[in-house]
>>> print(open('coords19.cif').read())   # mmCIF, C-alpha atoms (C1' of nucleotides)
data_final
loop_
_atom_site.label_atom_id
_atom_site.label_comp_id
_atom_site.auth_asym_id
_atom_site.auth_seq_id
_atom_site.Cartn_x
_atom_site.Cartn_y
_atom_site.Cartn_z
CA MET L 1 67.02 9.56 -94.40
CA SER L 2 68.47 12.92 -95.33
CA ARG L 3 67.26 14.22 -98.64
CA GLN L 4 70.83 14.80 -99.76
CA LEU L 5 71.99 11.24 -99.13
CA THR L 6 68.90 9.86 -100.82
CA GLU L 7 69.68 11.81 -103.95
CA MET L 8 73.36 10.96 -103.86
CA LEU L 9 72.59 7.27 -103.60
CA LYS L 10 70.86 7.46 -106.93
CA GLY L 11 73.49 6.06 -109.20
CA THR L 12 75.90 5.01 -106.49
CA LEU L 13 73.80 2.40 -104.74
CA GLU L 14 73.81 0.26 -107.82
CA GLY L 15 77.59 0.48 -107.94
CA ILE L 16 77.82 -0.37 -104.27
CA VAL L 17 75.74 -3.51 -104.71
CA LEU L 18 77.72 -4.59 -107.75
CA ALA L 19 80.91 -4.04 -105.79
CA ILE L 20 79.64 -6.25 -102.99
CA LEU L 21 78.78 -8.95 -105.49
CA SER L 22 82.21 -8.70 -107.05
CA GLY L 23 83.58 -10.11 -103.81
CA ARG L 24 81.19 -13.02 -103.54
CA PRO L 25 77.69 -14.04 -104.58
CA ALA L 26 74.96 -12.96 -102.19
CA HIS L 27 71.21 -12.83 -101.87
CA GLY L 28 69.02 -9.79 -101.27
CA TYR L 29 68.52 -10.16 -97.58
CA GLU L 30 72.23 -10.63 -97.09
CA ILE L 31 73.06 -7.53 -99.10
CA THR L 32 70.61 -5.49 -97.10
CA ALA L 33 72.18 -6.76 -93.88
CA TRP L 34 75.65 -5.94 -95.17
CA LEU L 35 74.60 -2.39 -95.99
CA ARG L 36 73.03 -1.93 -92.58
CA ALA L 37 76.19 -3.22 -90.92
CA HIS L 38 78.44 -0.95 -92.94
CA GLY L 39 76.97 2.46 -92.26
CA PHE L 40 73.97 2.52 -94.57
CA ALA L 41 71.67 1.99 -91.63
CA ASP L 42 68.46 3.07 -93.19
CA ILE L 43 68.41 1.91 -96.73
CA ALA L 44 64.96 0.48 -97.24
CA GLU L 45 64.76 -3.23 -97.87
CA GLY L 46 62.43 -2.73 -100.79
CA THR L 47 65.01 -0.50 -102.42
CA VAL L 48 67.56 -3.30 -102.57
CA TYR L 49 65.15 -5.80 -104.03
CA ALA L 50 63.97 -3.38 -106.66
CA LEU L 51 67.56 -2.63 -107.58
CA LEU L 52 68.35 -6.34 -107.92
CA VAL L 53 65.42 -6.80 -110.25
CA ARG L 54 66.76 -3.98 -112.40
CA VAL L 55 70.32 -5.24 -112.62
CA GLU L 56 69.07 -8.72 -113.37
CA ARG L 57 66.91 -7.44 -116.19
CA ARG L 58 69.96 -5.67 -117.59
CA GLY L 59 72.04 -8.81 -117.44
CA LEU L 60 74.55 -7.50 -114.93
CA VAL L 61 74.00 -10.42 -112.59
CA ASP L 62 73.23 -14.12 -112.76
CA VAL L 63 70.67 -15.63 -110.43
CA ARG L 64 70.50 -19.00 -108.77
CA LYS L 65 67.65 -20.16 -106.55
CA VAL L 66 68.83 -21.84 -103.40
CA PRO L 67 66.51 -23.41 -100.80
CA SER L 68 66.93 -22.00 -97.33
CA GLU L 69 66.51 -23.86 -94.05
CA LYS L 70 64.84 -20.76 -92.73
CA GLY L 71 62.11 -19.11 -94.68
CA PRO L 72 61.51 -18.97 -98.42
CA PRO L 73 64.18 -19.90 -100.99
CA ARG L 74 66.98 -17.44 -101.55
CA LYS L 75 67.86 -15.83 -104.81
CA VAL L 76 71.62 -15.78 -104.92
CA TYR L 77 73.06 -13.18 -107.25
CA SER L 78 76.52 -13.23 -108.78
CA LEU L 79 78.23 -10.73 -111.04
CA SER L 80 78.07 -11.54 -114.75
CA PRO L 81 80.81 -10.53 -117.22
CA GLN L 82 78.62 -7.64 -118.28
CA GLY L 83 78.21 -6.69 -114.63
CA ARG L 84 81.96 -6.65 -114.21
CA LYS L 85 82.25 -4.28 -117.15
CA ASP L 86 79.58 -2.07 -115.67
CA LEU L 87 81.35 -2.07 -112.33
CA ASP L 88 84.57 -0.98 -114.01
CA GLU L 89 82.71 1.83 -115.69
CA PHE L 90 81.15 2.74 -112.39
CA TRP L 91 84.51 3.15 -110.70
CA LYS L 92 85.76 5.28 -113.56
CA THR L 93 82.73 7.52 -113.40
CA TRP L 94 83.04 7.74 -109.65
CA ALA L 95 86.73 8.65 -109.90
CA PHE L 96 85.90 11.37 -112.38
CA LEU L 97 83.28 12.89 -110.14
CA ALA L 98 85.33 12.53 -106.98
CA GLU L 99 88.25 14.30 -108.57
CA LYS L 100 86.07 17.20 -109.68
CA LEU L 101 84.55 17.54 -106.24
CA GLN L 102 87.88 17.42 -104.51
CA ARG L 103 89.11 20.32 -106.59
CA LEU L 104 85.95 22.24 -105.98
CA ARG L 105 86.26 21.75 -102.27
CA LYS L 106 89.77 23.17 -102.31
CA GLY L 107 88.59 26.48 -103.58
CA ASP L 108 88.89 26.09 -107.35
CA LYS L 109 85.83 28.23 -107.91
CA MET T 1 75.89 11.54 -121.35
CA SER T 2 76.57 8.19 -119.76
CA ARG T 3 73.67 6.82 -117.83
CA GLN T 4 75.89 6.30 -114.81
CA LEU T 5 77.11 9.86 -114.63
CA THR T 6 73.59 11.17 -115.10
CA GLU T 7 72.41 9.19 -112.11
CA MET T 8 75.41 10.10 -110.01
CA LEU T 9 74.85 13.77 -110.66
CA LYS T 10 71.52 13.52 -108.94
CA GLY T 11 72.18 15.16 -105.64
CA THR T 12 75.74 16.16 -106.38
CA LEU T 13 75.05 18.70 -109.08
CA GLU T 14 73.17 20.81 -106.58
CA GLY T 15 76.16 20.69 -104.25
CA ILE T 16 78.48 21.60 -107.08
CA VAL T 17 76.43 24.65 -107.98
CA LEU T 18 76.20 25.76 -104.36
CA ALA T 19 79.96 25.32 -104.06
CA ILE T 20 80.50 27.54 -107.08
CA LEU T 21 78.22 30.17 -105.60
CA SER T 22 80.10 30.02 -102.32
CA GLY T 23 83.06 31.51 -104.16
CA ARG T 24 81.19 34.35 -105.81
CA PRO T 25 77.73 35.23 -107.04
CA ALA T 26 76.96 34.10 -110.55
CA HIS T 27 74.11 33.83 -113.03
CA GLY T 28 72.83 30.73 -114.76
CA TYR T 29 74.58 31.14 -118.04
CA GLU T 30 77.85 31.77 -116.25
CA ILE T 31 77.46 28.65 -114.11
CA THR T 32 76.74 26.56 -117.17
CA ALA T 33 79.85 27.95 -118.83
CA TRP T 34 81.92 27.21 -115.74
CA LEU T 35 80.71 23.62 -115.68
CA ARG T 36 81.49 23.15 -119.35
CA ALA T 37 84.96 24.57 -118.82
CA HIS T 38 85.65 22.33 -115.86
CA GLY T 39 84.97 18.92 -117.25
CA PHE T 40 81.20 18.71 -117.16
CA ALA T 41 81.05 19.20 -120.87
CA ASP T 42 77.58 17.94 -121.51
CA ILE T 43 75.39 19.05 -118.69
CA ALA T 44 72.23 20.32 -120.32
CA GLU T 45 71.66 24.01 -120.00
CA GLY T 46 68.07 23.49 -119.01
CA THR T 47 69.21 21.33 -116.13
CA VAL T 48 71.12 24.17 -114.53
CA TYR T 49 68.26 26.62 -114.76
CA ALA T 50 65.81 24.12 -113.33
CA LEU T 51 68.19 23.47 -110.46
CA LEU T 52 68.51 27.18 -109.76
CA VAL T 53 64.75 27.53 -109.59
CA ARG T 54 64.63 24.73 -107.04
CA VAL T 55 67.34 26.10 -104.77
CA GLU T 56 65.77 29.53 -104.97
CA ARG T 57 62.40 28.14 -103.92
CA ARG T 58 64.10 26.47 -100.98
CA GLY T 59 65.76 29.69 -99.92
CA LEU T 60 69.31 28.49 -100.45
CA VAL T 61 70.15 31.42 -102.70
CA ASP T 62 69.30 35.09 -103.05
CA VAL T 63 68.52 36.52 -106.45
CA ARG T 64 69.23 39.90 -107.93
CA LYS T 65 68.16 40.97 -111.39
CA VAL T 66 70.92 42.72 -113.25
CA PRO T 67 70.55 44.24 -116.71
CA SER T 68 73.03 42.86 -119.20
CA GLU T 69 74.70 44.77 -122.00
CA LYS T 70 74.25 41.64 -124.04
CA GLY T 71 70.93 39.91 -124.19
CA PRO T 72 68.17 39.73 -121.62
CA PRO T 73 68.65 40.67 -117.96
CA ARG T 74 70.65 38.30 -115.82
CA LYS T 75 69.52 36.67 -112.64
CA VAL T 76 72.51 36.78 -110.35
CA TYR T 77 72.41 34.19 -107.59
CA SER T 78 74.31 34.35 -104.32
CA LEU T 79 74.48 31.89 -101.47
CA SER T 80 72.12 32.63 -98.56
CA PRO T 81 72.94 31.68 -94.95
CA GLN T 82 70.63 28.71 -95.35
CA GLY T 83 72.46 27.80 -98.53
CA ARG T 84 75.75 27.87 -96.67
CA LYS T 85 74.33 25.45 -94.12
CA ASP T 86 73.11 23.19 -96.87
CA LEU T 87 76.50 23.29 -98.53
CA ASP T 88 78.13 22.25 -95.26
CA GLU T 89 75.71 19.37 -95.00
CA PHE T 90 76.43 18.48 -98.58
CA TRP T 91 80.14 18.17 -97.94
CA LYS T 92 79.51 16.03 -94.90
CA THR T 93 77.22 13.73 -96.81
CA TRP T 94 79.68 13.55 -99.65
CA ALA T 95 82.52 12.73 -97.27
CA PHE T 96 80.44 9.97 -95.74
CA LEU T 97 79.69 8.41 -99.08
CA ALA T 98 83.20 8.85 -100.41
CA GLU T 99 84.65 7.13 -97.38
CA LYS T 100 82.30 4.18 -97.77
CA LEU T 101 83.12 3.82 -101.43
CA GLN T 102 86.82 4.05 -100.86
CA ARG T 103 86.66 1.16 -98.43
CA LEU T 104 84.51 -0.83 -100.78
CA ARG T 105 86.96 -0.31 -103.57
CA LYS T 106 89.78 -1.62 -101.46
CA GLY T 107 88.17 -4.98 -101.07
CA ASP T 108 86.15 -4.56 -97.88
CA LYS T 109 83.39 -6.76 -99.19
"C1'" DA J 1 48.10 -19.36 -81.12
"C1'" DC J 2 51.51 -15.93 -81.47
"C1'" DT J 3 55.75 -13.58 -81.87
"C1'" DG J 4 60.04 -12.95 -84.23
"C1'" DG J 5 63.47 -13.87 -87.57
"C1'" DT J 6 64.34 -15.06 -92.44
"C1'" DA J 7 63.43 -13.89 -97.27
"C1'" DC J 8 61.15 -11.83 -101.06
"C1'" DC J 9 57.89 -8.67 -103.69
"C1'" DT J 10 54.89 -4.68 -105.03
"C1'" DA J 11 52.29 -0.17 -106.01
"C1'" DG J 12 52.41 4.53 -105.67
"C1'" DC J 13 55.20 8.64 -104.81
"C1'" DA J 14 58.62 12.56 -105.12
"C1'" DA J 15 62.92 14.24 -106.76
"C1'" DC J 16 66.15 14.68 -110.14
"C1'" DA J 17 68.70 15.23 -114.73
"C1'" DC J 18 67.77 15.03 -119.65
"C1'" DC J 19 65.74 16.40 -124.12
"C1'" DG J 20 63.87 19.55 -127.23
"C1'" DA J 21 62.11 23.60 -128.02
"C1'" DA J 22 60.69 28.42 -127.45
"C1'" DT J 23 61.53 33.29 -126.26
"C1'" DA J 24 64.18 37.61 -126.34
"C1'" DG J 25 67.88 40.93 -126.67
"C1'" DT J 26 72.41 42.33 -128.89
"C1'" DT J 27 76.28 42.27 -132.12
"C1'" DG J 28 78.44 41.61 -136.46
"C1'" DC J 29 78.78 40.05 -141.22
"C1'" DG J 30 77.54 39.77 -146.09
"C1'" DC C 1 68.63 45.26 -144.46
"C1'" DG C 2 68.46 40.29 -143.16
"C1'" DC C 3 70.36 36.64 -140.80
"C1'" DA C 4 73.40 34.04 -138.19
"C1'" DA C 5 75.64 33.80 -133.63
"C1'" DC C 6 76.02 34.72 -129.02
"C1'" DT C 7 73.92 35.92 -124.55
"C1'" DA C 8 70.33 34.51 -121.18
"C1'" DT C 9 66.28 32.37 -119.45
"C1'" DT C 10 62.09 29.27 -119.37
"C1'" DC C 11 59.08 25.24 -120.00
"C1'" DG C 12 56.72 20.64 -120.87
"C1'" DG C 13 57.41 15.97 -121.15
"C1'" DT C 14 60.37 11.70 -120.21
"C1'" DG C 15 62.92 8.02 -117.71
"C1'" DT C 16 65.42 6.53 -113.76
"C1'" DT C 17 65.88 6.33 -109.13
"C1'" DG C 18 65.20 5.57 -103.91
"C1'" DC C 19 61.53 5.83 -100.39
"C1'" DT C 20 57.12 4.60 -98.08
"C1'" DA C 21 54.35 1.29 -96.56
"C1'" DG C 22 52.73 -2.29 -96.91
"C1'" DG C 23 51.98 -7.67 -98.19
"C1'" DT C 24 53.36 -12.84 -98.74
"C1'" DA C 25 55.58 -16.96 -97.05
"C1'" DC C 26 58.23 -20.20 -94.22
"C1'" DC C 27 60.01 -21.78 -89.85
"C1'" DA C 28 61.32 -22.06 -84.63
"C1'" DG C 29 60.44 -21.12 -79.95
"C1'" DT C 30 57.18 -19.71 -76.25
#
>>> encode(input="coords19.cif", output="structure tokens")
Amino acid sequence: MSRQLTEMLKGTLEGIVLAILSGRPAHGYEITAWLRAHGFADIAEGTVYALLVRVERRGLVDVRKVPSEKGPPRKVYSLSPQGRKDLDEFWKTWAFLAEKLQRLRKGDK
Amino acid sequence: MSRQLTEMLKGTLEGIVLAILSGRPAHGYEITAWLRAHGFADIAEGTVYALLVRVERRGLVDVRKVPSEKGPPRKVYSLSPQGRKDLDEFWKTWAFLAEKLQRLRKGDK
DNA sequence: ACTGGTACCTAGCAACACCGAATAGTTGCG
DNA sequence: CGCAACTATTCGGTGTTGCTAGGTACCAGT
């Protein structure tokens, strides 16, 4: 992984995961697979699980244990009301930063 | 500072500073002032100086000590060839991430 | 018995931005 | 003169984050 992308993901990965969950509930393995399939080829699996633990502890997601036919039971996460608020905030913050960077790129130096 | 913006700045602040330097050489205090004037009102001063030390150690910038009429001597930073390469990479990485997020925002979940 | 896919977890690490403070030179004001 | 205010840089300690590199567990097919 490039150092730059690693650093940029700090802060955005959480938003990305919340955004995924805003569409539908999902479990960790599924989220990892989604990321891999959508261009984030080498996000470490452990990273996703650690992130989910964090957002759960903060009350941004609700968890439901669901038995799986294959392998150990799944932990299915869904966005909580607080998580929805956080996601809103995330998009605002992202928009702010994206706007600044766009200007900067166009020579506003 | 919002926690979210703080985390998002990780990785991007370095790109922002390099982008500023790509326009013209500048010293730390000046860069801080520029940031404050352009919407990044509460980026800690110490943060900028620490960042400059890092990019200098990595060879992304050249430094020139210039006596100031006011206060201690300035350290004027300018983008090195390596820094220009890094800045290019930064924009590519940013574009990658921005594209992913844009899709995500538009319901590609 | 063994491989491979599913599914989750953990400890230790490095990088980054923040906070709070210190240092040092110059100008201006009471 | 003394002291605030501005210029300009540095530093130690903190918390959050993603990565590395494993481990655990369950099941199906060979």
>>> atom_distance(input="coords19.cif", atom1="CA of Leu79 in chain T", atom2="CA of Thr47 in chain T")
18.8 Å
>>> calpha_fit_and_write(input="coords19.cif", fixed="chain T", moving="chain L", output="compact mmCIF listing (two decimals) with C-alpha atoms, in the frame of the given file")
# COMPACT_ATOMS: atom_id res chain seq x y z
CA MET L 1 75.84 11.46 -121.36
CA SER L 2 76.56 8.13 -119.73
CA ARG L 3 73.66 6.76 -117.77
CA GLN L 4 75.90 6.26 -114.75
CA LEU L 5 77.10 9.86 -114.60
CA THR L 6 73.57 11.13 -115.07
CA GLU L 7 72.40 9.17 -112.07
CA MET L 8 75.40 10.12 -109.98
CA LEU L 9 74.82 13.79 -110.67
CA LYS L 10 71.47 13.51 -109.00
CA GLY L 11 72.20 14.96 -105.63
CA THR L 12 75.72 16.11 -106.39
CA LEU L 13 74.98 18.68 -109.07
CA GLU L 14 73.11 20.78 -106.59
CA GLY L 15 76.09 20.66 -104.26
CA ILE L 16 78.42 21.56 -107.09
CA VAL L 17 76.39 24.64 -107.98
CA LEU L 18 76.16 25.74 -104.37
CA ALA L 19 79.91 25.30 -104.06
CA ILE L 20 80.47 27.50 -107.08
CA LEU L 21 78.22 30.15 -105.59
CA SER L 22 80.07 29.98 -102.30
CA GLY L 23 83.05 31.46 -104.12
CA ARG L 24 81.20 34.31 -105.77
CA PRO L 25 77.74 35.22 -107.01
CA ALA L 26 76.98 34.09 -110.54
CA HIS L 27 74.15 33.86 -113.01
CA GLY L 28 72.83 30.77 -114.77
CA TYR L 29 74.59 31.17 -118.05
CA GLU L 30 77.86 31.75 -116.25
CA ILE L 31 77.43 28.65 -114.12
CA THR L 32 76.70 26.57 -117.17
CA ALA L 33 79.83 27.92 -118.84
CA TRP L 34 81.89 27.18 -115.75
CA LEU L 35 80.66 23.59 -115.68
CA ARG L 36 81.43 23.13 -119.36
CA ALA L 37 84.92 24.52 -118.84
CA HIS L 38 85.60 22.29 -115.86
CA GLY L 39 84.92 18.85 -117.26
CA PHE L 40 81.14 18.68 -117.17
CA ALA L 41 81.00 19.18 -120.90
CA ASP L 42 77.53 18.00 -121.53
CA ILE L 43 75.36 19.11 -118.72
CA ALA L 44 72.24 20.44 -120.35
CA GLU L 45 71.59 24.14 -119.99
CA GLY L 46 68.00 23.54 -119.01
CA THR L 47 69.19 21.36 -116.15
CA VAL L 48 71.07 24.23 -114.54
CA TYR L 49 68.19 26.64 -114.81
CA ALA L 50 65.76 24.16 -113.37
CA LEU L 51 68.13 23.50 -110.50
CA LEU L 52 68.46 27.23 -109.78
CA VAL L 53 64.70 27.58 -109.64
CA ARG L 54 64.60 24.77 -107.09
CA VAL L 55 67.30 26.13 -104.82
CA GLU L 56 65.75 29.56 -104.98
CA ARG L 57 62.38 28.19 -103.97
CA ARG L 58 64.06 26.49 -101.03
CA GLY L 59 65.73 29.68 -99.94
CA LEU L 60 69.28 28.47 -100.47
CA VAL L 61 70.13 31.40 -102.70
CA ASP L 62 69.30 35.08 -103.05
CA VAL L 63 68.57 36.55 -106.45
CA ARG L 64 69.32 39.93 -107.91
CA LYS L 65 68.30 41.04 -111.39
CA VAL L 66 71.06 42.79 -113.25
CA PRO L 67 70.68 44.32 -116.73
CA SER L 68 73.12 42.97 -119.27
CA GLU L 69 74.66 44.85 -122.17
CA LYS L 70 74.19 41.72 -124.20
CA GLY L 71 70.88 39.98 -124.23
CA PRO L 72 68.19 39.77 -121.57
CA PRO L 73 68.80 40.75 -117.93
CA ARG L 74 70.79 38.36 -115.80
CA LYS L 75 69.62 36.74 -112.64
CA VAL L 76 72.59 36.79 -110.33
CA TYR L 77 72.45 34.20 -107.58
CA SER L 78 74.33 34.33 -104.30
CA LEU L 79 74.45 31.85 -101.45
CA SER L 80 72.10 32.61 -98.56
CA PRO L 81 72.88 31.65 -94.94
CA GLN L 82 70.57 28.69 -95.36
CA GLY L 83 72.43 27.77 -98.54
CA ARG L 84 75.70 27.84 -96.66
CA LYS L 85 74.27 25.44 -94.11
CA ASP L 86 73.05 23.18 -96.86
CA LEU L 87 76.45 23.26 -98.51
CA ASP L 88 78.09 22.24 -95.24
CA GLU L 89 75.68 19.36 -94.97
CA PHE L 90 76.40 18.45 -98.55
CA TRP L 91 80.12 18.15 -97.92
CA LYS L 92 79.50 16.02 -94.86
CA THR L 93 77.21 13.70 -96.77
CA TRP L 94 79.69 13.54 -99.61
CA ALA L 95 82.54 12.72 -97.22
CA PHE L 96 80.48 9.95 -95.69
CA LEU L 97 79.74 8.39 -99.03
CA ALA L 98 83.25 8.84 -100.37
CA GLU L 99 84.71 7.13 -97.35
CA LYS L 100 82.39 4.16 -97.73
CA LEU L 101 83.20 3.82 -101.40
CA GLN L 102 86.91 4.05 -100.83
CA ARG L 103 86.75 1.16 -98.40
CA LEU L 104 84.62 -0.83 -100.75
CA ARG L 105 87.05 -0.29 -103.56
CA LYS L 106 89.90 -1.62 -101.44
CA GLY L 107 88.29 -4.97 -101.10
CA ASP L 108 86.30 -4.62 -97.88
CA LYS L 109 83.56 -6.85 -99.22
>>> resolve_selection(input="coords19.cif", expression="the PyMOL selection byres ((chain T) within 8 of (chain J))", output="ChimeraX atom specification")
/T:6-7,9-11,44,47,69-72
>>> closest_residue(input="coords19.cif", among="T:Leu97, T:Val48, T:Val63, T:Met8", to="DT10 in chain C", atoms="all atoms listed in the file")
T:Val48
>>> resolve_selection(input="coords19.cif", expression="the PyMOL selection byres ((chain T and resi 87) around 9)", output="list of chain:residue names")
T:Gly15, T:Ile16, T:Leu18, T:Ala19, T:Ser22, T:Gln82, T:Gly83, T:Arg84, T:Lys85, T:Asp86, T:Asp88, T:Glu89, T:Phe90, T:Trp91, T:Lys92
>>> atom_distance(input="coords19.cif", atom1="CA of Pro67 in chain L", atom2="CA of Ile31 in chain L")
17.3 Å
>>> atom_distance(input="coords19.cif", atom1="CA of Val53 in chain L", atom2="CA of Ala33 in chain L")
17.7 Å
>>> resolve_selection(input="coords19.cif", expression="the PyMOL selection byres ((chain C) within 12 of (chain T))", output="list of chain:residue names")
C:DC6, C:DT7, C:DA8, C:DT9, C:DT10, C:DC11, C:DG12, C:DG15, C:DT16, C:DT17, C:DG18
>>> closest_residue(input="coords19.cif", among="T:Leu51, T:Ser80, T:Val17, T:Arg57", to="chain L", atoms="only C-alpha atoms")
T:Val17
>>> closest_residue(input="coords19.cif", among="T:Asp42, T:Glu14, T:Lys65, T:Gly23", to="chain L", atoms="all atoms listed in the file")
T:Gly23
>>> closest_residue(input="coords19.cif", among="L:Ala98, L:Ile43, L:Val76, L:Val55", to="chain T", atoms="all atoms listed in the file")
L:Ala98
>>> closest_residue(input="coords19.cif", among="L:Gln102, L:Thr93, L:Ser78, L:Thr32", to="chain T", atoms="all atoms listed in the file")
L:Thr93
>>> closest_residue(input="coords19.cif", among="L:Ile20, L:Ala95, L:Leu52, L:Leu13", to="chain T", atoms="only C-alpha atoms")
L:Ile20
>>> build_atoms(input="coords19.cif", residues="range 9-29 of chain L", atoms="N, CA and C atoms", output="PDB file, in the coordinates of the input")
ATOM      1  N   LEU L   9      72.580   8.721-103.432  1.00  0.00           N
ATOM      2  CA  LEU L   9      72.590   7.270-103.600  1.00  0.00           C
ATOM      3  C   LEU L   9      72.099   6.873-104.986  1.00  0.00           C
ATOM      4  N   LYS L  10      71.309   7.752-105.578  1.00  0.00           N
ATOM      5  CA  LYS L  10      70.860   7.460-106.930  1.00  0.00           C
ATOM      6  C   LYS L  10      72.098   7.367-107.820  1.00  0.00           C
ATOM      7  N   GLY L  11      72.311   6.232-108.370  1.00  0.00           N
ATOM      8  CA  GLY L  11      73.490   6.060-109.200  1.00  0.00           C
ATOM      9  C   GLY L  11      74.605   5.355-108.468  1.00  0.00           C
ATOM     10  N   THR L  12      74.800   5.654-107.190  1.00  0.00           N
ATOM     11  CA  THR L  12      75.900   5.010-106.490  1.00  0.00           C
ATOM     12  C   THR L  12      75.472   3.705-105.823  1.00  0.00           C
ATOM     13  N   LEU L  13      74.227   3.630-105.422  1.00  0.00           N
ATOM     14  CA  LEU L  13      73.800   2.400-104.740  1.00  0.00           C
ATOM     15  C   LEU L  13      73.966   1.187-105.636  1.00  0.00           C
ATOM     16  N   GLU L  14      73.639   1.362-106.882  1.00  0.00           N
ATOM     17  CA  GLU L  14      73.810   0.260-107.820  1.00  0.00           C
ATOM     18  C   GLU L  14      75.276  -0.177-107.875  1.00  0.00           C
ATOM     19  N   GLY L  15      76.163   0.788-107.931  1.00  0.00           N
ATOM     20  CA  GLY L  15      77.590   0.480-107.940  1.00  0.00           C
ATOM     21  C   GLY L  15      78.012  -0.226-106.663  1.00  0.00           C
ATOM     22  N   ILE L  16      77.477   0.230-105.561  1.00  0.00           N
ATOM     23  CA  ILE L  16      77.820  -0.370-104.270  1.00  0.00           C
ATOM     24  C   ILE L  16      77.422  -1.846-104.256  1.00  0.00           C
ATOM     25  N   VAL L  17      76.223  -2.123-104.709  1.00  0.00           N
ATOM     26  CA  VAL L  17      75.740  -3.510-104.710  1.00  0.00           C
ATOM     27  C   VAL L  17      76.579  -4.365-105.655  1.00  0.00           C
ATOM     28  N   LEU L  18      76.872  -3.834-106.824  1.00  0.00           N
ATOM     29  CA  LEU L  18      77.720  -4.590-107.750  1.00  0.00           C
ATOM     30  C   LEU L  18      79.089  -4.855-107.140  1.00  0.00           C
ATOM     31  N   ALA L  19      79.605  -3.875-106.419  1.00  0.00           N
ATOM     32  CA  ALA L  19      80.910  -4.040-105.790  1.00  0.00           C
ATOM     33  C   ALA L  19      80.870  -5.141-104.739  1.00  0.00           C
ATOM     34  N   ILE L  20      79.797  -5.183-103.984  1.00  0.00           N
ATOM     35  CA  ILE L  20      79.640  -6.250-102.990  1.00  0.00           C
ATOM     36  C   ILE L  20      79.645  -7.603-103.687  1.00  0.00           C
ATOM     37  N   LEU L  21      78.888  -7.685-104.772  1.00  0.00           N
ATOM     38  CA  LEU L  21      78.780  -8.950-105.490  1.00  0.00           C
ATOM     39  C   LEU L  21      80.083  -9.348-106.190  1.00  0.00           C
ATOM     40  N   SER L  22      80.931  -8.377-106.409  1.00  0.00           N
ATOM     41  CA  SER L  22      82.210  -8.700-107.050  1.00  0.00           C
ATOM     42  C   SER L  22      83.107  -9.489-106.087  1.00  0.00           C
ATOM     43  N   GLY L  23      82.805  -9.357-104.795  1.00  0.00           N
ATOM     44  CA  GLY L  23      83.580 -10.110-103.810  1.00  0.00           C
ATOM     45  C   GLY L  23      83.099 -11.556-103.672  1.00  0.00           C
ATOM     46  N   ARG L  24      81.795 -11.697-103.689  1.00  0.00           N
ATOM     47  CA  ARG L  24      81.190 -13.020-103.540  1.00  0.00           C
ATOM     48  C   ARG L  24      79.720 -12.918-103.874  1.00  0.00           C
ATOM     49  N   PRO L  25      79.132 -14.032-104.338  1.00  0.00           N
ATOM     50  CA  PRO L  25      77.690 -14.040-104.580  1.00  0.00           C
ATOM     51  C   PRO L  25      76.939 -13.785-103.275  1.00  0.00           C
ATOM     52  N   ALA L  26      75.754 -13.233-103.394  1.00  0.00           N
ATOM     53  CA  ALA L  26      74.960 -12.960-102.190  1.00  0.00           C
ATOM     54  C   ALA L  26      73.503 -12.850-102.569  1.00  0.00           C
ATOM     55  N   HIS L  27      72.638 -13.002-101.604  1.00  0.00           N
ATOM     56  CA  HIS L  27      71.210 -12.830-101.870  1.00  0.00           C
ATOM     57  C   HIS L  27      70.734 -11.524-101.257  1.00  0.00           C
ATOM     58  N   GLY L  28      69.524 -11.116-101.616  1.00  0.00           N
ATOM     59  CA  GLY L  28      69.020  -9.790-101.270  1.00  0.00           C
ATOM     60  C   GLY L  28      69.058  -9.470 -99.796  1.00  0.00           C
ATOM     61  N   TYR L  29      68.574 -10.398 -99.020  1.00  0.00           N
ATOM     62  CA  TYR L  29      68.520 -10.160 -97.580  1.00  0.00           C
ATOM     63  C   TYR L  29      69.909  -9.942 -97.009  1.00  0.00           C
TER      64      TYR L  29
END
